[in-house]
file protein_32.cif (mmCIF, C-alpha atoms and all ligand atoms)
data_query
loop_
_atom_site.label_atom_id
_atom_site.label_comp_id
_atom_site.auth_asym_id
_atom_site.auth_seq_id
_atom_site.Cartn_x
_atom_site.Cartn_y
_atom_site.Cartn_z
CA ALA A 2 0.00 0.00 0.00
CA SER A 3 2.80 2.39 -0.82
CA ASN A 4 0.49 5.16 -1.97
CA ILE A 5 -1.73 5.14 1.06
CA VAL A 6 -1.14 8.12 3.26
CA GLU A 7 -2.59 7.53 6.64
CA ASN A 8 -2.86 10.18 9.28
CA VAL A 9 -3.22 8.25 12.47
CA ALA A 10 -3.52 11.41 14.48
CA SER A 11 -6.79 12.43 12.89
CA SER A 12 -7.77 8.96 11.61
CA THR A 13 -8.25 10.16 8.04
CA VAL A 14 -7.05 8.05 5.15
CA THR A 15 -6.52 9.51 1.72
CA SER A 16 -5.18 7.74 -1.32
CA ASP A 17 -2.96 9.27 -3.94
CA LEU A 18 -4.00 8.22 -7.44
CA SER A 19 -0.65 8.78 -9.17
CA PRO A 20 0.87 5.63 -10.77
CA LYS A 21 2.55 3.34 -8.29
CA PRO A 22 6.33 3.72 -8.63
CA GLN A 23 8.50 0.61 -8.84
CA PHE A 24 10.93 0.70 -5.96
CA ALA A 25 13.92 -1.53 -5.22
CA GLY A 26 13.61 -1.53 -1.44
CA LYS A 27 12.26 -4.83 -0.15
CA ALA A 28 13.43 -4.81 3.46
CA ASN A 29 11.05 -4.55 6.38
CA ALA A 30 12.19 -1.02 7.07
CA THR A 31 11.14 2.60 7.43
CA LEU A 32 12.63 6.09 7.59
CA VAL A 33 11.78 7.60 10.99
CA PHE A 34 11.68 11.32 11.52
CA LEU A 35 10.81 13.00 14.82
CA ALA A 36 10.05 16.65 14.23
CA ARG A 37 8.13 19.74 15.27
CA ASN A 38 6.00 21.81 12.93
CA SER A 39 8.60 24.55 13.27
CA ASP A 40 11.24 22.17 11.87
CA LEU A 41 9.54 22.09 8.45
CA GLN A 42 12.29 23.72 6.37
CA GLY A 43 14.97 21.53 7.93
CA VAL A 44 12.77 18.47 7.47
CA LEU A 45 12.34 19.19 3.75
CA ARG A 46 16.06 19.75 3.31
CA SER A 47 16.91 16.42 4.97
CA MET A 48 14.25 14.56 3.03
CA GLU A 49 15.58 15.92 -0.23
CA SER A 50 19.07 14.76 0.65
CA VAL A 51 17.91 11.28 1.64
CA GLU A 52 15.70 10.92 -1.45
CA THR A 53 18.41 12.14 -3.82
CA HIS A 54 21.17 9.95 -2.45
CA PHE A 55 19.20 6.85 -1.66
CA ASN A 56 15.47 6.62 -1.35
CA HIS A 57 14.28 7.66 -4.82
CA LYS A 58 15.45 4.20 -5.91
CA PHE A 59 14.39 2.24 -2.85
CA GLY A 60 11.11 3.90 -1.91
CA TYR A 61 11.11 3.13 1.78
CA PRO A 62 8.16 4.64 3.63
CA TRP A 63 8.58 7.72 5.77
CA ILE A 64 7.10 7.99 9.25
CA LEU A 65 7.05 11.39 10.93
CA LEU A 66 6.30 11.64 14.61
CA ASN A 67 5.39 14.56 16.84
CA GLU A 68 3.86 15.05 20.28
CA GLU A 69 1.58 17.64 18.67
CA GLU A 70 -0.51 17.32 15.51
CA PHE A 71 1.37 18.14 12.33
CA THR A 72 -0.26 21.01 10.47
CA GLU A 73 -1.83 20.56 7.05
CA GLU A 74 0.93 22.67 5.57
CA PHE A 75 3.58 20.48 7.14
CA GLN A 76 1.95 17.29 5.91
CA GLU A 77 1.39 18.52 2.37
CA SER A 78 4.95 19.85 2.04
CA VAL A 79 6.45 16.61 3.35
CA LYS A 80 4.33 14.45 1.02
CA SER A 81 5.46 16.50 -1.96
CA LYS A 82 9.11 15.59 -1.25
CA THR A 83 8.80 11.86 -1.93
CA ASN A 84 7.10 9.26 -4.12
CA ALA A 85 7.17 6.83 -1.23
CA SER A 86 4.39 6.53 1.30
CA VAL A 87 4.28 8.96 4.23
CA GLN A 88 2.58 8.53 7.56
CA PHE A 89 2.19 11.09 10.32
CA GLY A 90 1.88 9.88 13.87
CA LEU A 91 0.98 11.47 17.16
CA ILE A 92 3.12 10.44 20.13
CA PRO A 93 1.11 9.27 23.15
CA SER A 94 1.50 11.68 26.10
CA ARG A 95 2.83 8.97 28.39
CA HIS A 96 5.73 8.42 25.96
CA TRP A 97 6.67 12.06 25.94
CA TYR A 98 6.07 14.20 29.00
CA GLN A 99 8.01 14.28 32.26
CA PRO A 100 6.53 11.56 34.50
CA ASP A 101 4.76 12.52 37.74
CA TRP A 102 7.21 10.55 39.85
CA ILE A 103 10.08 12.82 38.80
CA ASP A 104 10.89 15.22 41.64
CA GLU A 105 10.44 18.55 39.85
CA ALA A 106 12.44 20.51 42.43
CA LYS A 107 15.38 18.18 41.89
CA ALA A 108 14.91 18.36 38.11
CA GLU A 109 14.98 22.14 38.27
CA GLN A 110 18.17 22.04 40.29
CA GLY A 111 19.65 19.79 37.66
CA ARG A 112 18.68 22.17 34.86
CA ASN A 113 20.16 25.13 36.73
CA ALA A 114 23.38 23.26 37.39
CA LEU A 115 23.83 22.51 33.69
CA LYS A 116 22.98 26.09 32.85
CA ALA A 117 25.75 27.30 35.15
CA TRP A 118 28.12 25.08 33.15
CA ASN A 119 26.83 26.52 29.87
CA VAL A 120 25.79 23.09 28.66
CA ILE A 121 23.70 23.17 25.48
CA TYR A 122 19.95 22.58 26.10
CA ALA A 123 20.72 22.91 29.84
CA ASP A 124 17.32 24.23 30.86
CA SER A 125 15.19 22.63 28.16
CA VAL A 126 12.56 20.20 29.42
CA SER A 127 11.33 19.48 25.88
CA TYR A 128 14.83 18.40 24.88
CA ARG A 129 14.81 15.96 27.79
CA ASN A 130 11.38 14.66 26.74
CA MET A 131 12.82 14.09 23.28
CA CYS A 132 15.86 12.22 24.59
CA ARG A 133 13.73 9.98 26.76
CA PHE A 134 11.29 9.31 23.93
CA ASN A 135 14.10 8.38 21.55
CA SER A 136 15.65 6.18 24.22
CA GLY A 137 12.65 4.22 25.31
CA PHE A 138 9.58 4.73 23.20
CA PHE A 139 9.87 5.55 19.50
CA PHE A 140 10.03 1.86 18.54
CA HIS A 141 6.79 1.21 20.45
CA HIS A 142 4.84 3.75 18.41
CA PRO A 143 1.88 2.02 16.68
CA LEU A 144 3.02 3.18 13.22
CA LEU A 145 6.39 1.49 13.70
CA GLN A 146 5.04 -1.86 14.81
CA PRO A 147 5.02 -3.42 11.32
CA TYR A 148 8.72 -2.65 10.90
CA ARG A 149 11.94 -4.18 12.10
CA TYR A 150 14.65 -1.90 10.65
CA TYR A 151 14.72 1.90 10.70
CA TRP A 152 16.84 4.76 9.52
CA ARG A 153 16.62 7.81 11.72
CA ILE A 154 16.63 11.21 10.04
CA GLU A 155 16.83 14.65 11.64
CA PRO A 156 16.24 18.16 10.31
CA ASP A 157 19.08 19.90 8.47
CA VAL A 158 21.28 16.91 7.85
CA ASP A 159 23.17 16.29 4.62
CA TYR A 160 24.10 13.11 2.81
CA PHE A 161 26.98 13.23 0.36
CA CYS A 162 27.38 9.88 -1.37
CA GLN A 163 25.14 7.99 -3.77
CA LEU A 164 24.27 4.83 -1.91
CA GLN A 165 24.40 1.92 -4.36
CA TYR A 166 23.10 -0.76 -2.04
CA ASP A 167 20.38 -1.27 0.55
CA PRO A 168 21.77 -0.66 4.07
CA PHE A 169 18.84 -2.50 5.65
CA ASP A 170 19.63 -5.61 3.60
CA TYR A 171 23.25 -5.15 4.54
CA LEU A 172 22.44 -5.28 8.26
CA LYS A 173 20.19 -8.27 7.88
CA ASP A 174 22.46 -10.28 5.57
CA ASN A 175 25.47 -9.68 7.80
CA ASN A 176 23.79 -10.24 11.15
CA LYS A 177 24.35 -6.60 12.18
CA THR A 178 22.07 -4.82 14.62
CA TYR A 179 23.25 -1.24 14.95
CA GLY A 180 24.82 0.98 12.28
CA PHE A 181 26.44 4.40 12.78
CA THR A 182 28.55 6.97 10.93
CA ILE A 183 29.86 9.22 13.71
CA ALA A 184 31.34 8.12 17.04
CA ILE A 185 32.18 10.94 19.39
CA GLU A 186 32.58 11.94 23.05
CA GLU A 187 29.54 13.07 25.05
CA LEU A 188 29.45 16.20 27.23
CA GLU A 189 30.43 14.89 30.65
CA LYS A 190 28.02 17.09 32.59
CA THR A 191 24.98 15.63 30.84
CA VAL A 192 25.74 12.09 32.04
CA SER A 193 27.46 12.57 35.42
CA THR A 194 25.89 9.56 37.12
CA LEU A 195 24.99 7.46 34.06
CA TRP A 196 27.95 5.12 34.24
CA GLN A 197 27.36 4.46 37.94
CA ALA A 198 23.83 3.37 37.03
CA VAL A 199 25.12 1.24 34.16
CA LYS A 200 27.56 -0.50 36.49
CA GLU A 201 24.74 -1.25 38.92
CA PHE A 202 22.72 -2.69 36.07
CA MET A 203 25.63 -4.86 34.93
CA GLU A 204 26.01 -6.24 38.45
CA GLN A 205 22.31 -6.92 38.77
CA TYR A 206 21.86 -8.43 35.29
CA PRO A 207 25.16 -10.04 34.27
CA GLU A 208 23.21 -12.40 32.01
CA TYR A 209 22.56 -9.58 29.53
CA ILE A 210 26.21 -8.69 29.03
CA HIS A 211 27.47 -10.30 25.82
CA PRO A 212 30.71 -12.26 26.26
CA ASN A 213 32.12 -10.63 23.11
CA ASN A 214 30.83 -7.14 23.94
CA ALA A 215 32.23 -3.73 22.96
CA LEU A 216 33.02 -2.51 26.49
CA ALA A 217 36.43 -1.42 25.20
CA PHE A 218 34.67 1.22 23.12
CA LEU A 219 32.99 2.68 26.23
CA SER A 220 35.72 2.42 28.79
CA ASP A 221 39.49 2.73 28.73
CA ASN A 222 39.90 0.96 32.06
CA GLY A 223 37.87 -2.21 31.82
CA GLY A 224 34.60 -0.62 32.84
CA GLU A 225 35.62 1.37 35.90
CA THR A 226 34.85 4.71 34.24
CA TYR A 227 33.04 5.85 31.11
CA ASN A 228 35.18 7.44 28.42
CA LEU A 229 32.08 9.29 27.09
CA CYS A 230 32.23 7.52 23.70
CA HIS A 231 28.94 7.01 21.93
CA PHE A 232 27.50 6.67 18.46
CA TRP A 233 25.71 9.80 17.31
CA SER A 234 22.04 8.89 17.22
CA ASN A 235 20.90 11.60 14.83
CA PHE A 236 22.00 8.99 12.28
CA GLU A 237 21.01 5.43 13.06
CA ILE A 238 20.28 2.50 10.83
CA ALA A 239 19.36 -0.26 13.19
CA ASP A 240 17.18 -3.17 14.21
CA MET A 241 14.25 -2.19 16.44
CA ASP A 242 13.89 -5.78 17.64
CA PHE A 243 16.94 -5.07 19.77
CA TRP A 244 15.27 -2.10 21.46
CA ARG A 245 12.10 -4.14 21.87
CA GLY A 246 13.94 -7.08 23.37
CA GLU A 247 14.29 -8.12 27.00
CA ALA A 248 17.77 -6.78 27.75
CA TYR A 249 17.15 -3.29 26.41
CA THR A 250 13.67 -3.10 27.90
CA LYS A 251 15.06 -3.89 31.36
CA PHE A 252 17.94 -1.49 30.80
CA PHE A 253 15.73 1.42 29.81
CA GLU A 254 13.31 0.84 32.70
CA PHE A 255 16.21 0.67 35.13
CA LEU A 256 17.74 3.91 33.87
CA ASP A 257 14.40 5.69 33.58
CA LEU A 258 13.73 5.06 37.28
CA LYS A 259 17.04 6.70 38.16
CA GLY A 260 15.52 9.90 36.77
CA GLY A 261 18.68 10.93 34.92
CA PHE A 262 16.76 11.96 31.81
CA TYR A 263 15.43 14.87 33.89
CA TYR A 264 17.86 15.27 36.82
CA GLU A 265 20.75 15.35 34.40
CA ARG A 266 20.29 15.37 30.65
CA TRP A 267 20.95 11.82 29.56
CA GLY A 268 20.92 11.63 25.79
CA ASP A 269 19.42 8.86 23.72
CA ALA A 270 22.77 8.53 21.97
CA PRO A 271 24.76 7.35 25.00
CA ILE A 272 21.83 5.21 26.17
CA HIS A 273 21.52 3.44 22.81
CA SER A 274 25.27 3.17 22.42
CA ILE A 275 25.96 1.75 25.86
CA ALA A 276 23.23 -0.86 25.40
CA ALA A 277 24.42 -1.83 21.93
CA ALA A 278 28.01 -2.06 23.11
CA LEU A 279 27.22 -4.18 26.16
CA PHE A 280 24.39 -6.47 25.06
CA LEU A 281 25.52 -7.25 21.51
CA ASP A 282 28.50 -9.02 20.03
CA LYS A 283 30.86 -6.22 18.99
CA ASN A 284 30.67 -7.59 15.46
CA GLN A 285 26.95 -6.75 15.41
CA LEU A 286 27.84 -3.06 15.36
CA HIS A 287 28.51 -1.56 11.94
CA PHE A 288 30.37 1.54 10.88
CA PHE A 289 28.72 2.80 7.68
CA ASN A 290 31.99 4.22 6.45
CA ASP A 291 30.68 4.69 2.92
CA ILE A 292 27.80 6.95 3.97
CA GLY A 293 28.97 10.57 3.89
CA TYR A 294 26.91 12.50 6.42
CA GLN A 295 26.76 15.86 8.15
CA HIS A 296 24.82 17.02 11.21
CA SER A 297 25.44 20.53 12.58
CA ASN A 298 29.14 21.23 12.10
CA ILE A 299 30.27 17.62 12.24
CA VAL A 300 30.79 15.58 9.12
CA HIS A 301 31.79 12.05 8.31
CA CYS A 302 33.25 11.77 4.84
CA PRO A 303 34.63 8.46 3.53
CA GLN A 304 38.43 8.38 3.53
CA GLN A 305 39.59 5.39 1.57
CA PRO A 306 39.93 5.93 -2.20
CA ALA A 307 37.69 2.93 -2.79
CA PHE A 308 34.76 4.76 -1.31
CA LEU A 309 35.33 7.86 -3.35
CA THR A 310 34.38 6.05 -6.54
CA GLY A 311 30.90 6.14 -5.05
CA SER A 312 30.84 9.85 -5.95
CA CYS A 313 30.79 11.60 -2.59
CA THR A 314 30.54 15.37 -2.63
CA CYS A 315 31.94 15.98 0.86
CA ASN A 316 35.44 17.16 1.73
CA ARG A 317 37.22 14.27 3.38
CA VAL A 318 39.80 16.54 4.99
CA LEU A 319 37.01 17.84 7.21
CA SER A 320 35.87 14.39 8.31
CA ILE A 321 35.65 13.98 12.08
CA ASP A 322 36.99 10.40 11.97
CA TYR A 323 40.50 10.97 13.28
CA ARG A 324 40.09 14.40 14.76
CA ARG A 325 39.73 15.48 18.33
CA TYR A 326 36.71 14.02 20.19
CA SER A 327 36.19 11.27 17.64
CA CYS A 328 35.83 7.80 19.12
CA LEU A 329 36.46 6.02 15.83
CA PRO A 330 40.08 5.23 16.81
CA ARG A 331 38.82 3.36 19.88
CA TYR A 332 36.24 1.53 17.79
CA ASN A 333 38.82 0.46 15.24
CA LYS A 334 41.30 -0.52 17.92
CA MET A 335 38.68 -2.68 19.58
CA LEU A 336 38.21 -4.56 16.30
CA ASN A 337 41.97 -4.72 15.63
CA ARG A 338 41.44 -2.64 12.54
CA LYS A 339 44.10 -0.46 11.04
CA TRP A 340 43.28 3.20 10.57
P1 LIG B 1 20.36 18.03 18.55
O1 LIG B 1 20.59 17.30 17.26
O2 LIG B 1 20.80 17.24 19.74
O3 LIG B 1 20.90 19.41 18.54
O4 LIG B 1 18.77 18.17 18.77
P2 LIG B 1 17.62 18.50 17.71
O5 LIG B 1 17.07 19.86 18.00
O6 LIG B 1 18.06 18.21 16.31
O7 LIG B 1 16.52 17.44 18.13
C1 LIG B 1 16.68 16.06 17.86
C2 LIG B 1 15.47 15.54 17.10
O8 LIG B 1 14.32 15.65 17.90
C3 LIG B 1 15.15 16.32 15.83
O9 LIG B 1 14.59 15.40 14.90
C4 LIG B 1 14.12 17.32 16.28
O10 LIG B 1 13.26 17.69 15.23
C5 LIG B 1 13.38 16.52 17.34
N1 LIG B 1 12.85 17.33 18.45
C6 LIG B 1 13.56 18.02 19.38
N2 LIG B 1 12.75 18.60 20.28
C7 LIG B 1 11.49 18.25 19.92
C8 LIG B 1 10.19 18.54 20.46
O11 LIG B 1 10.02 19.22 21.47
N3 LIG B 1 9.11 17.99 19.79
C9 LIG B 1 9.27 17.23 18.67
N4 LIG B 1 8.17 16.74 18.09
N5 LIG B 1 10.47 16.93 18.16
C10 LIG B 1 11.57 17.44 18.77
MN MN B 2 19.75 17.44 15.41
#
call {"tool": "encode", "arguments": {"input": "protein_32.cif", "output": "structure tokens", "more": "lines below"}}
Ligand code: GDP
Ligand code: MN
result
Amino acid sequence: ASNIVENVASSTVTSDLSPKPQFAGKANATLVFLARNSDLQGVLRSMESVETHFNHKFGYPWILLNEEEFTEEFQESVKSKTNASVQFGLIPSRHWYQPDWIDEAKAEQGRNALKAWNVIYADSVSYRNMCRFNSGFFFHHPLLQPYRYYWRIEPDVDYFCQLQYDPFDYLKDNNKTYGFTIAIEELEKTVSTLWQAVKEFMEQYPEYIHPNNALAFLSDNGGETYNLCHFWSNFEIADMDFWRGEAYTKFFEFLDLKGGFYYERWGDAPIHSIAAALFLDKNQLHFFNDIGYQHSNIVHCPQQPAFLTGSCTCNRVLSIDYRRYSCLPRYNKMLNRKW
């Protein structure tokens, strides 16, 4: 039903009568885009980049999510950017807003403390809602239930290389679970007590820790302290069955009860990354080296000459890979890869 556009929020279904395009994408996968109405221009720019470099051939469906209703203008503009199907979903309140059991006085203290340190989004509650939603709930949204694999897109991102293969098929055929392009250090102040909580979890649930895990990516001293390395979650191509599974479900619930999404500013990126690194075989992680990508002022551009035949338009000298704050060296070292 690739031409059916269903607005779950208002329960209206309209069908587009244009001829059904023939798309190559056959994986059980979707492009997931969390956005606000005010993000429209950035959303359109990202969609254009994804369609041009990949999806015009593959035709994977787009799903846009918001805790408020998308406006008509937003929906019409988004639909005009793709021949693939588009669905707009409303996020249930319980998956978004600060829970009642969070101590608001303590949360406010936490916000003020980060503000004093000039941490970005220090006093934003909505940013914290977003991080918690992306950590624990997006994959439970009704619109995502039919799908196993997803590619996360954010406003104002750029893709630089023509992708000649299906990354969802790649994950599936190679038994990979989590794919990234940028690995980088987190702001310490946003996760002050996260590693303490993770260590508690590991002690309580040793059965979830994979014997061939990627702890070496997260810690430079065997797990005593966190080195702040994480995969940037504004780009993710991954398997939602992992997030829906027992280990991650327990992990998220455990961390959620610590309150760190609100008392500190735990990001979905370190939460996802720590889980993927601990509960999976390290060979189930995948560095999509051949996907040139930019978010804000950070870019990953393929380095090896082999990748450049894929016609990337980025400047590889600017690639974050081996610059300050990149965690790619640790990732490669862990896998005994040369770099
Ligand atoms: P950054 O990448 O960490 O600087 O954060 P962004 O501002 O890009 O937000 C991350 C993602 O969440 C983007 O896709 C945003 O559009 C989305 N987002 C952030 N805050 C909100 C919000 O309050 N409501 C909704 N619906 N989406 C949000
Ligand atoms: Mn962003």
call {"tool": "closest_residue", "arguments": {"input": "protein_32.cif", "among": "A:Tyr98, A:Phe288, A:Phe218, A:Tyr148", "to": "Leu172 of chain A", "atoms": "all atoms listed in the file"}}
result
A:Phe288
call {"tool": "closest_residue", "arguments": {"input": "protein_32.cif", "among": "A:Phe89, A:Trp267, A:Phe139, A:Tyr128", "to": "ligand LIG 1 (chain B)", "atoms": "all atoms listed in the file"}}
result
A:Tyr128
call {"tool": "closest_atom_pairs", "arguments": {"input": "protein_32.cif", "of": "chain A", "to": "ligand LIG 1 (chain B)", "cutoff": "7 Å", "atoms": "all atoms listed in the file", "output": "Markdown table"}}
result
| residue | atom | partner | partner_atom | distance |
| --- | --- | --- | --- | --- |
| A:Phe34 | CA | B:LIG1 | O9 | 6.0 |
| A:Leu35 | CA | B:LIG1 | O9 | 4.5 |
| A:Ala36 | CA | B:LIG1 | O10 | 3.5 |
| A:Arg37 | CA | B:LIG1 | N4 | 4.1 |
| A:Asp40 | CA | B:LIG1 | O10 | 6.0 |
| A:Leu66 | CA | B:LIG1 | N4 | 6.5 |
| A:Asn67 | CA | B:LIG1 | N4 | 3.7 |
| A:Glu68 | CA | B:LIG1 | N4 | 5.1 |
| A:Glu69 | CA | B:LIG1 | N4 | 6.7 |
| A:Ser127 | CA | B:LIG1 | O11 | 4.6 |
| A:Tyr128 | CA | B:LIG1 | N2 | 5.1 |
| A:Met131 | CA | B:LIG1 | N2 | 5.4 |
| A:Ile154 | CA | B:LIG1 | O9 | 6.7 |
| A:Glu155 | CA | B:LIG1 | O9 | 4.0 |
| A:Pro156 | CA | B:LIG1 | O9 | 5.6 |
| A:Asn235 | CA | B:LIG1 | O1 | 6.2 |
call {"tool": "residues_near_point", "arguments": {"input": "protein_32.cif", "point": "(12.5, 1.2, 10.5)", "cutoff": "12 Å", "atoms": "only C-alpha atoms", "output": "PyMOL selection string"}}
result
chain A and resi 28-34+61-65+139-142+144-154+168-169+179+237-242+244
call {"tool": "residues_around", "arguments": {"input": "protein_32.cif", "residues": "Tyr264 of chain A", "least_positions_apart": "4", "cutoff": "10 Å", "atoms": "only C-alpha atoms", "output": "PyMOL selection string"}}
result
chain A and resi 103-112+114-115+129+191-192+194+259-260
call {"tool": "residues_near_point", "arguments": {"input": "protein_32.cif", "point": "(42.6, 14.9, 2.8)", "cutoff": "12 Å", "atoms": "all atoms listed in the file", "output": "PyMOL selection string"}}
result
chain A and resi 302-306+309+315-323
call {"tool": "closest_residue", "arguments": {"input": "protein_32.cif", "among": "A:Phe255, A:Tyr171, A:Tyr227, A:Phe236", "to": "ligand MN 2 (chain B)", "atoms": "all atoms listed in the file"}}
result
A:Phe236
call {"tool": "atom_distance", "arguments": {"input": "protein_32.cif", "atom1": "atom CA of Gly60 of chain A", "atom2": "atom CA of Gln88 of chain A"}}
result
13.6 Å
call {"tool": "atom_distance", "arguments": {"input": "protein_32.cif", "atom1": "atom CA of Asn298 of chain A", "atom2": "atom CA of Leu219 of chain A"}}
result
23.6 Å
call {"tool": "closest_residue", "arguments": {"input": "protein_32.cif", "among": "A:Val158, A:Leu41, A:Ala248, A:Ala198", "to": "ligand MN 2 (chain B)", "atoms": "only C-alpha atoms and all ligand atoms"}}
result
A:Val158
call {"tool": "closest_residue", "arguments": {"input": "protein_32.cif", "among": "A:Phe262, A:Phe243, A:Tyr122, A:Tyr249", "to": "ligand MN 2 (chain B)", "atoms": "only C-alpha atoms and all ligand atoms"}}
result
A:Tyr122
call {"tool": "closest_residue", "arguments": {"input": "protein_32.cif", "among": "A:Lys58, A:Arg133, A:His296, A:Lys27", "to": "ligand MN 2 (chain B)", "atoms": "only C-alpha atoms and all ligand atoms"}}
result
A:His296
call {"tool": "atom_distance", "arguments": {"input": "protein_32.cif", "atom1": "atom CA of Leu195 of chain A", "atom2": "atom CA of Asp101 of chain A"}}
result
21.2 Å
call {"tool": "residues_around", "arguments": {"input": "protein_32.cif", "residues": "segment 222-226 of chain A", "least_positions_apart": "5", "cutoff": "10 Å", "atoms": "all atoms listed in the file", "output": "compact mmCIF listing (two decimals) with C-alpha atoms, in the coordinates of the input"}}
result
# COMPACT_ATOMS: atom_id res chain seq x y z
CA TRP A 196 27.95 5.12 34.24
CA GLN A 197 27.36 4.46 37.94
CA VAL A 199 25.12 1.24 34.16
CA LYS A 200 27.56 -0.50 36.49
CA LEU A 216 33.02 -2.51 26.49
CA ALA A 217 36.43 -1.42 25.20
